$ cat target_35.cif   # mmCIF, C-alpha atoms
data_target
#
loop_
_atom_site.label_atom_id
_atom_site.label_comp_id
_atom_site.auth_asym_id
_atom_site.auth_seq_id
_atom_site.Cartn_x
_atom_site.Cartn_y
_atom_site.Cartn_z
CA MET E 1 153.50 142.74 35.38
CA LEU E 2 153.88 144.39 38.77
CA HIS E 3 157.20 145.89 39.79
CA PRO E 4 158.82 143.78 42.58
CA THR E 5 158.63 146.70 45.03
CA ARG E 6 154.92 147.19 44.35
CA ARG E 7 154.32 143.44 44.63
CA LEU E 8 155.96 143.41 48.09
CA ALA E 9 153.93 146.43 49.17
CA LEU E 10 150.68 144.81 48.05
CA GLY E 11 151.63 141.58 49.84
CA ALA E 12 152.33 143.44 53.05
CA LEU E 13 149.03 145.32 52.73
CA THR E 14 147.15 142.06 52.17
CA LEU E 15 148.67 140.52 55.30
CA LEU E 16 147.89 143.67 57.29
CA LEU E 17 144.26 143.70 56.16
CA ALA E 18 143.92 139.96 56.82
CA GLY E 19 145.34 140.43 60.30
CA ALA E 20 142.95 143.30 60.98
CA ALA E 21 139.96 141.29 59.79
CA TRP E 22 141.05 138.32 61.92
CA ALA E 23 141.37 140.53 64.98
CA GLN E 24 137.92 142.04 64.38
CA ALA E 25 136.34 138.58 64.15
CA TYR E 26 138.19 137.30 67.20
CA PRO E 27 136.99 135.84 69.46
CA ASN E 28 133.77 134.30 68.17
CA LYS E 29 133.70 131.29 70.50
CA PRO E 30 134.85 130.43 74.05
CA ILE E 31 138.60 130.47 74.75
CA GLU E 32 140.23 127.56 76.57
CA TRP E 33 142.52 128.58 79.44
CA VAL E 34 144.83 125.71 80.42
CA VAL E 35 145.86 125.72 84.08
CA PRO E 36 148.68 123.18 84.59
CA TYR E 37 147.74 122.60 88.25
CA PRO E 38 144.72 121.09 90.03
CA ALA E 39 141.73 123.20 91.01
CA GLY E 40 141.98 125.00 94.33
CA GLY E 41 145.59 126.15 94.22
CA GLY E 42 146.87 129.70 93.82
CA THR E 43 147.34 129.40 90.06
CA ASP E 44 143.79 128.16 89.62
CA VAL E 45 142.38 130.93 91.83
CA ALA E 46 144.23 133.64 89.89
CA ALA E 47 143.18 132.24 86.51
CA ARG E 48 139.51 132.01 87.46
CA THR E 49 139.58 135.53 88.89
CA LEU E 50 141.10 136.96 85.71
CA ALA E 51 139.03 134.79 83.34
CA GLU E 52 135.81 136.41 84.49
CA ALA E 53 137.12 139.95 83.95
CA MET E 54 138.81 139.19 80.63
CA GLY E 55 135.73 137.35 79.35
CA LYS E 56 133.65 140.48 79.78
CA THR E 57 136.17 142.51 77.77
CA LEU E 58 136.51 139.94 75.01
CA GLY E 59 132.79 139.13 74.80
CA GLN E 60 133.38 135.39 75.13
CA PRO E 61 133.78 133.13 78.17
CA LEU E 62 137.24 131.92 79.13
CA VAL E 63 136.86 128.29 80.17
CA ILE E 64 139.37 126.89 82.66
CA ASN E 65 140.82 123.49 81.77
CA ASN E 66 142.91 122.04 84.63
CA ARG E 67 145.65 119.80 83.21
CA PRO E 68 147.99 119.10 86.13
CA GLY E 69 151.02 116.87 86.27
CA ALA E 70 154.75 116.51 85.53
CA GLY E 71 155.65 119.94 86.87
CA THR E 72 153.33 121.75 84.37
CA ASN E 73 154.83 119.80 81.44
CA ILE E 74 151.51 118.11 80.60
CA GLY E 75 149.72 121.43 80.24
CA ALA E 76 152.66 123.02 78.43
CA GLU E 77 152.92 120.23 75.85
CA TYR E 78 149.17 120.32 75.27
CA THR E 79 149.26 124.07 74.67
CA ALA E 80 152.39 124.00 72.53
CA ARG E 81 150.76 121.45 70.20
CA ALA E 82 147.40 123.25 70.01
CA LYS E 83 146.29 125.15 66.93
CA ALA E 84 147.78 128.65 66.97
CA ASP E 85 144.46 130.44 66.51
CA GLY E 86 144.10 132.18 69.87
CA TYR E 87 141.56 129.74 71.30
CA VAL E 88 143.96 127.81 73.55
CA MET E 89 146.21 129.59 76.02
CA MET E 90 147.81 128.67 79.32
CA THR E 91 149.14 129.93 82.59
CA ALA E 92 152.90 129.55 82.10
CA ASP E 93 154.81 129.97 85.33
CA THR E 94 158.22 129.72 86.95
CA ALA E 95 158.30 125.96 86.41
CA THR E 96 157.12 126.07 82.78
CA LEU E 97 159.40 128.81 81.53
CA ALA E 98 162.31 129.04 83.99
CA ALA E 99 162.94 125.82 85.92
CA ASN E 100 161.92 122.90 83.71
CA PRO E 101 164.58 123.50 81.03
CA SER E 102 167.20 122.79 83.73
CA LEU E 103 165.25 120.18 85.70
CA TYR E 104 164.53 117.88 82.76
CA SER E 105 167.06 116.50 80.28
CA LYS E 106 164.32 116.17 77.69
CA LEU E 107 161.10 118.19 77.42
CA GLY E 108 158.15 117.78 75.07
CA TYR E 109 158.18 121.53 74.43
CA SER E 110 160.68 124.36 74.19
CA ALA E 111 160.17 127.17 76.71
CA GLU E 112 161.69 129.63 74.25
CA ARG E 113 160.36 128.43 70.88
CA ASP E 114 156.96 126.77 71.43
CA LEU E 115 155.14 129.19 73.74
CA ALA E 116 154.44 132.81 72.77
CA PRO E 117 154.26 135.26 75.71
CA VAL E 118 151.10 137.37 76.11
CA GLY E 119 152.05 139.13 79.33
CA LEU E 120 152.91 138.57 82.96
CA ILE E 121 150.05 138.08 85.40
CA GLY E 122 151.67 138.53 88.75
CA ARG E 123 154.09 137.42 91.41
CA PHE E 124 152.85 135.26 94.25
CA ASN E 125 154.66 135.96 97.47
CA LEU E 126 156.03 132.83 99.14
CA LEU E 127 155.82 132.15 102.86
CA LEU E 128 157.45 129.62 105.15
CA VAL E 129 154.60 127.99 107.09
CA VAL E 130 154.49 125.26 109.72
CA ASN E 131 151.87 123.12 111.37
CA PRO E 132 150.95 124.83 114.67
CA ALA E 133 152.33 121.81 116.56
CA VAL E 134 155.87 122.71 115.43
CA PRO E 135 157.49 124.54 118.38
CA ALA E 136 158.60 127.59 116.42
CA ASN E 137 157.26 131.12 116.15
CA THR E 138 160.21 132.66 114.30
CA LEU E 139 162.63 131.67 111.54
CA THR E 140 165.45 131.33 114.09
CA GLU E 141 163.38 128.99 116.24
CA PHE E 142 162.38 126.94 113.20
CA LEU E 143 165.97 126.52 112.03
CA ALA E 144 167.06 125.47 115.52
CA TRP E 145 164.20 122.95 115.75
CA ALA E 146 164.86 121.51 112.29
CA LYS E 147 168.61 121.12 112.94
CA ALA E 148 167.88 119.34 116.23
CA GLN E 149 165.81 116.59 114.57
CA PRO E 150 167.50 113.16 114.39
CA GLN E 151 166.27 112.55 110.83
CA PRO E 152 165.94 114.86 107.80
CA VAL E 153 162.78 116.96 108.17
CA PRO E 154 160.12 116.32 105.50
CA PHE E 155 158.62 119.25 103.62
CA ALA E 156 155.61 119.38 101.30
CA THR E 157 155.41 121.06 97.90
CA PRO E 158 152.80 121.32 95.12
CA GLY E 159 155.18 119.29 92.95
CA ALA E 160 158.80 118.60 92.12
CA GLY E 161 160.38 121.60 90.43
CA SER E 162 157.66 124.01 91.54
CA PRO E 163 158.72 127.47 92.76
CA HIS E 164 157.80 126.31 96.26
CA HIS E 165 160.20 123.37 95.94
CA LEU E 166 163.01 125.50 94.55
CA ALA E 167 162.56 128.07 97.33
CA VAL E 168 163.02 125.33 99.97
CA GLU E 169 166.10 124.08 98.11
CA MET E 170 167.47 127.62 98.22
CA LEU E 171 166.74 127.69 101.97
CA ARG E 172 168.57 124.36 102.36
CA LEU E 173 171.60 125.67 100.48
CA ARG E 174 171.69 128.84 102.58
CA THR E 175 171.21 127.18 105.99
CA GLY E 176 172.53 123.62 105.71
CA LEU E 177 169.23 122.03 106.79
CA GLN E 178 168.78 118.28 106.28
CA LEU E 179 165.44 117.89 104.51
CA THR E 180 163.32 115.31 102.66
CA HIS E 181 161.10 116.39 99.79
CA VAL E 182 157.47 115.20 99.75
CA PRO E 183 155.92 116.31 96.43
CA TYR E 184 152.15 116.46 95.90
CA ARG E 185 149.94 116.98 92.86
CA GLY E 186 149.14 120.62 93.55
CA ALA E 187 149.07 123.09 96.42
CA ALA E 188 145.72 122.05 97.90
CA PRO E 189 146.69 118.48 98.92
CA ALA E 190 150.11 119.66 100.12
CA ILE E 191 148.53 122.29 102.35
CA GLN E 192 145.99 119.75 103.60
CA ASP E 193 148.72 117.43 104.85
CA VAL E 194 150.66 120.24 106.54
CA VAL E 195 147.46 121.36 108.24
CA GLY E 196 146.81 117.74 109.24
CA GLY E 197 150.31 117.30 110.65
CA GLN E 198 151.44 114.56 108.26
CA VAL E 199 154.21 116.91 107.07
CA PRO E 200 155.54 119.65 109.40
CA PHE E 201 156.24 122.50 107.00
CA MET E 202 156.28 123.89 103.48
CA ILE E 203 156.84 127.09 101.56
CA VAL E 204 153.44 128.09 100.24
CA ASP E 205 152.27 130.82 97.90
CA SER E 206 150.16 133.53 99.49
CA ALA E 207 147.13 132.89 97.27
CA ALA E 208 146.82 129.22 98.22
CA GLY E 209 147.91 129.57 101.84
CA TYR E 210 146.13 132.73 102.95
CA PRO E 211 142.83 131.07 104.05
CA GLN E 212 144.61 128.53 106.27
CA ILE E 213 147.03 131.12 107.66
CA SER E 214 144.25 133.58 108.51
CA ALA E 215 142.24 130.76 110.11
CA GLY E 216 145.19 129.80 112.34
CA LYS E 217 145.55 126.35 110.78
CA LEU E 218 149.02 127.23 109.49
CA ARG E 219 151.58 129.42 111.25
CA ALA E 220 153.48 131.73 108.91
CA LEU E 221 157.06 132.40 110.04
CA ALA E 222 158.64 134.38 107.19
CA VAL E 223 157.87 135.89 103.79
CA ALA E 224 160.40 135.62 100.95
CA SER E 225 160.03 139.17 99.64
CA PRO E 226 161.78 142.49 100.41
CA ARG E 227 158.76 143.86 102.29
CA ARG E 228 156.01 142.48 104.49
CA LEU E 229 152.66 141.74 102.88
CA ALA E 230 149.81 144.18 103.49
CA SER E 231 147.39 141.29 104.07
CA LEU E 232 149.77 139.50 106.50
CA SER E 233 151.65 142.42 107.98
CA GLN E 234 152.46 140.50 111.17
CA VAL E 235 154.73 138.10 109.26
CA PRO E 236 158.35 139.36 109.04
CA THR E 237 160.57 138.83 106.01
CA PHE E 238 163.47 136.38 105.88
CA ALA E 239 165.83 139.38 105.72
CA GLU E 240 164.37 140.88 108.90
CA GLN E 241 165.21 137.61 110.64
CA GLY E 242 168.82 137.42 109.52
CA LEU E 243 168.67 135.70 106.12
CA ALA E 244 169.65 138.55 103.81
CA ASN E 245 168.68 138.66 100.13
CA PHE E 246 166.39 135.65 100.42
CA GLU E 247 163.83 136.40 97.72
CA ALA E 248 161.66 133.96 95.80
CA TYR E 249 158.37 134.29 93.99
CA ALA E 250 155.95 132.01 92.25
CA TRP E 251 155.38 134.15 89.17
CA GLN E 252 153.23 133.44 86.19
CA GLY E 253 152.14 134.81 82.86
CA LEU E 254 149.84 134.02 79.98
CA ALA E 255 151.15 132.18 76.93
CA LEU E 256 149.83 130.99 73.56
CA PRO E 257 151.07 128.43 71.06
CA SER E 258 153.94 129.86 69.06
CA GLY E 259 152.81 131.21 65.70
CA THR E 260 149.59 132.77 66.97
CA PRO E 261 148.92 135.87 64.81
CA THR E 262 150.31 139.07 66.33
CA PRO E 263 146.95 140.93 66.31
CA LEU E 264 145.42 138.20 68.47
CA VAL E 265 148.36 138.24 70.88
CA LYS E 266 148.00 142.00 71.24
CA GLN E 267 144.24 141.75 71.78
CA LEU E 268 144.67 139.19 74.56
CA SER E 269 147.53 141.19 76.06
CA LYS E 270 145.34 144.31 76.22
CA ALA E 271 142.47 142.36 77.80
CA LEU E 272 144.87 140.92 80.39
CA ASN E 273 146.39 144.30 81.25
CA ASP E 274 142.98 145.95 81.45
CA ALA E 275 141.86 143.26 83.90
CA LEU E 276 145.02 143.63 86.01
CA ASP E 277 144.45 147.38 86.15
CA SER E 278 140.84 147.06 87.33
CA THR E 279 139.91 147.97 90.90
CA VAL E 280 138.20 144.62 91.48
CA ILE E 281 141.22 142.54 90.44
CA LYS E 282 143.65 144.75 92.36
CA ALA E 283 141.60 144.34 95.53
CA ARG E 284 141.28 140.58 95.08
CA PHE E 285 144.97 140.16 94.36
CA GLN E 286 145.92 142.24 97.40
CA VAL E 287 143.94 139.93 99.68
CA LEU E 288 145.63 136.93 98.09
CA GLY E 289 149.07 138.50 98.37
CA ILE E 290 149.59 138.58 94.60
CA GLU E 291 151.53 141.48 93.11
CA PRO E 292 150.07 142.32 89.66
CA THR E 293 152.76 142.68 87.00
CA PRO E 294 151.13 144.07 83.86
CA GLY E 295 153.30 144.53 80.80
CA THR E 296 154.02 143.61 77.20
CA PRO E 297 154.72 140.22 75.63
CA GLU E 298 158.31 141.38 75.11
CA ALA E 299 158.70 142.21 78.82
CA MET E 300 157.44 138.75 79.76
CA ALA E 301 159.93 137.11 77.38
CA ALA E 302 162.83 139.08 78.88
CA TYR E 303 161.75 138.29 82.46
CA ALA E 304 161.42 134.57 81.72
CA LYS E 305 164.89 134.52 80.16
CA ALA E 306 166.44 136.15 83.26
CA GLU E 307 164.60 133.73 85.56
CA ARG E 308 165.82 130.73 83.53
CA ALA E 309 169.39 131.82 84.18
CA ARG E 310 168.78 132.47 87.89
CA TRP E 311 166.97 129.25 88.75
CA GLY E 312 169.14 127.20 86.43
CA GLU E 313 172.13 128.09 88.60
CA ILE E 314 170.32 127.15 91.83
CA ILE E 315 169.10 123.87 90.34
CA GLN E 316 172.64 123.01 89.30
CA GLN E 317 174.01 123.86 92.77
CA ALA E 318 171.34 121.74 94.44
CA GLY E 319 171.94 118.86 92.02
CA ILE E 320 168.26 118.45 91.15
CA LYS E 321 167.21 116.34 88.16
CA LEU E 322 163.69 115.07 87.60
CA ASP E 323 164.35 112.50 84.87
#
$ encode --input "target_35.cif" --output "structure tokens"
Amino acid sequence: MLHPTRRLALGALTLLLAGAAWAQAYPNKPIEWVVPYPAGGGTDVAARTLAEAMGKTLGQPLVINNRPGAGTNIGAEYTARAKADGYVMMTADTATLAANPSLYSKLGYSAERDLAPVGLIGRFNLLLVVNPAVPANTLTEFLAWAKAQPQPVPFATPGAGSPHHLAVEMLRLRTGLQLTHVPYRGAAPAIQDVVGGQVPFMIVDSAAGYPQISAGKLRALAVASPRRLASLSQVPTFAEQGLANFEAYAWQGLALPSGTPTPLVKQLSKALNDALDSTVIKARFQVLGIEPTPGTPEAMAAYAKAERARWGEIIQQAGIKLD
């Protein structure tokens, strides 16, 4: 009969060898990448860009599965309930991991317990944009115009509880604007209606809004980051225009169902970080105004926890509830 200490050592060795064998065999089929937004938005663009690079490293294609709706909750629930074998993962963003726990009284997943962080992908810079018919070329002019309107000014977002929505709510709290929220199912239709003049303004992420801004179909008035963007250097920050410490990002990371074996998490994390460090991805992200944020699963977990506290406070101040 084995001594208890030796039995524990053999058990640990067995688990270690099993994990190593699993990692060596993984992946042996395509990996499903759940994007909780429609095709065409910034999240979708970033995922497809990274999927190609990561697929080459992993030796298997990463297949995008768009599952939009309910402020990313549909995609998050689907991923949380998937088999924890490394073949289903998702883009988990500000809404999924930071805002939804405060926005919804009841969720079909736990942001802390049901989704295992792989690593952060990047931060999307957010910009205040208007339809060119709006008579404003600066933040000051926009605020004066909005306050002069007889009715609350409508604004578009990719969805209730999205980072774009929360950034406008923060703007409302800081400036006293009277606004009406017009949520859409994703960034693409929201942008389309601002371009078309059905809604006068929105806060848009740089990845989704860059093509329309560069084409002159949207006028960018301010960027919600400490510094101007290299790809849109003509657009001043909110702070430059008198609104100090106004910072907001649409950030996102990669997550797996909780319980996914650690060797698989590490393998995906390495593939993600290698892609983010590549010259091709860096160049593409710079054009889109995305700041790559490579790091460990532990760093992503800590960042998400801090963001939950930050946005939870703003959501409470704004009195937002989505159920």
$ resolve_selection --input "target_35.cif" --expression "the PyMOL selection byres ((chain E and resi 185) around 9)" --output "list in words"
Tyr37, Pro38, Pro68, Gly69, Ala70, Gly71, Thr157, Pro158, Gly159, Pro183, Tyr184, Gly186, Ala187, Ala188, Pro189 and Ala190 of chain E
$ resolve_selection --input "target_35.cif" --expression "the PyMOL selection byres ((chain E and resi 221) around 9)" --output "mmCIF file with C-alpha atoms, keeping the file's coordinate frame"
data_model
loop_
_atom_site.group_PDB
_atom_site.id
_atom_site.type_symbol
_atom_site.label_atom_id
_atom_site.label_comp_id
_atom_site.auth_asym_id
_atom_site.auth_seq_id
_atom_site.Cartn_x
_atom_site.Cartn_y
_atom_site.Cartn_z
ATOM 1 C CA LEU E 127 155.820 132.150 102.860
ATOM 2 C CA LEU E 128 157.450 129.620 105.150
ATOM 3 C CA VAL E 129 154.600 127.990 107.090
ATOM 4 C CA VAL E 130 154.490 125.260 109.720
ATOM 5 C CA ALA E 136 158.600 127.590 116.420
ATOM 6 C CA ASN E 137 157.260 131.120 116.150
ATOM 7 C CA THR E 138 160.210 132.660 114.300
ATOM 8 C CA LEU E 139 162.630 131.670 111.540
ATOM 9 C CA PHE E 142 162.380 126.940 113.200
ATOM 10 C CA ARG E 219 151.580 129.420 111.250
ATOM 11 C CA ALA E 220 153.480 131.730 108.910
ATOM 12 C CA ALA E 222 158.640 134.380 107.190
ATOM 13 C CA VAL E 223 157.870 135.890 103.790
ATOM 14 C CA VAL E 235 154.730 138.100 109.260
ATOM 15 C CA PRO E 236 158.350 139.360 109.040
ATOM 16 C CA THR E 237 160.570 138.830 106.010
ATOM 17 C CA PHE E 238 163.470 136.380 105.880
#
$ atom_distance --input "target_35.cif" --atom1 "atom CA of Val35 of chain E" --atom2 "atom CA of Tyr210 of chain E"
20.1 Å
$ resolve_selection --input "target_35.cif" --expression "the PyMOL selection byres ((chain E and resi 31) around 10)" --output "list in words"
Pro27, Asn28, Lys29, Pro30, Glu32, Trp33, Val34, Ala51, Gly55, Leu58, Gln60, Pro61, Leu62, Val63, Ile64, Gly86, Tyr87, Val88 and Met89 of chain E
$ closest_residue --input "target_35.cif" --among "E:Asp44, E:Glu52, E:Asp205, E:Glu112" --to "Arg308 of chain E" --atoms "all atoms listed in the file"
E:Glu112
$ closest_residue --input "target_35.cif" --among "E:Ala76, E:Leu50, E:Ala208, E:Ala25" --to "Pro292 of chain E" --atoms "only C-alpha atoms"
E:Leu50
$ closest_residue --input "target_35.cif" --among "E:Ile314, E:Ala111, E:Ile121, E:Ala239" --to "Glu291 of chain E" --atoms "all atoms listed in the file"
E:Ile121
$ closest_residue --input "target_35.cif" --among "E:Gly197, E:Gly176, E:Gly289, E:Gly119" --to "Gln267 of chain E" --atoms "all atoms listed in the file"
E:Gly119
$ residues_around --input "target_35.cif" --residues "Ala146 of chain E" --least-positions-apart "4" --cutoff "8 Å" --atoms "all atoms listed in the file" --output "ChimeraX atom specification"
/E:142,153,177-178
$ residues_around --input "target_35.cif" --residues "Leu268 of chain E" --least-positions-apart "3" --cutoff "9 Å" --atoms "only C-alpha atoms" --output "JSON, numbers by chain"
{"E": [54, 58, 86, 118, 119, 263, 264, 265, 271, 272, 273]}
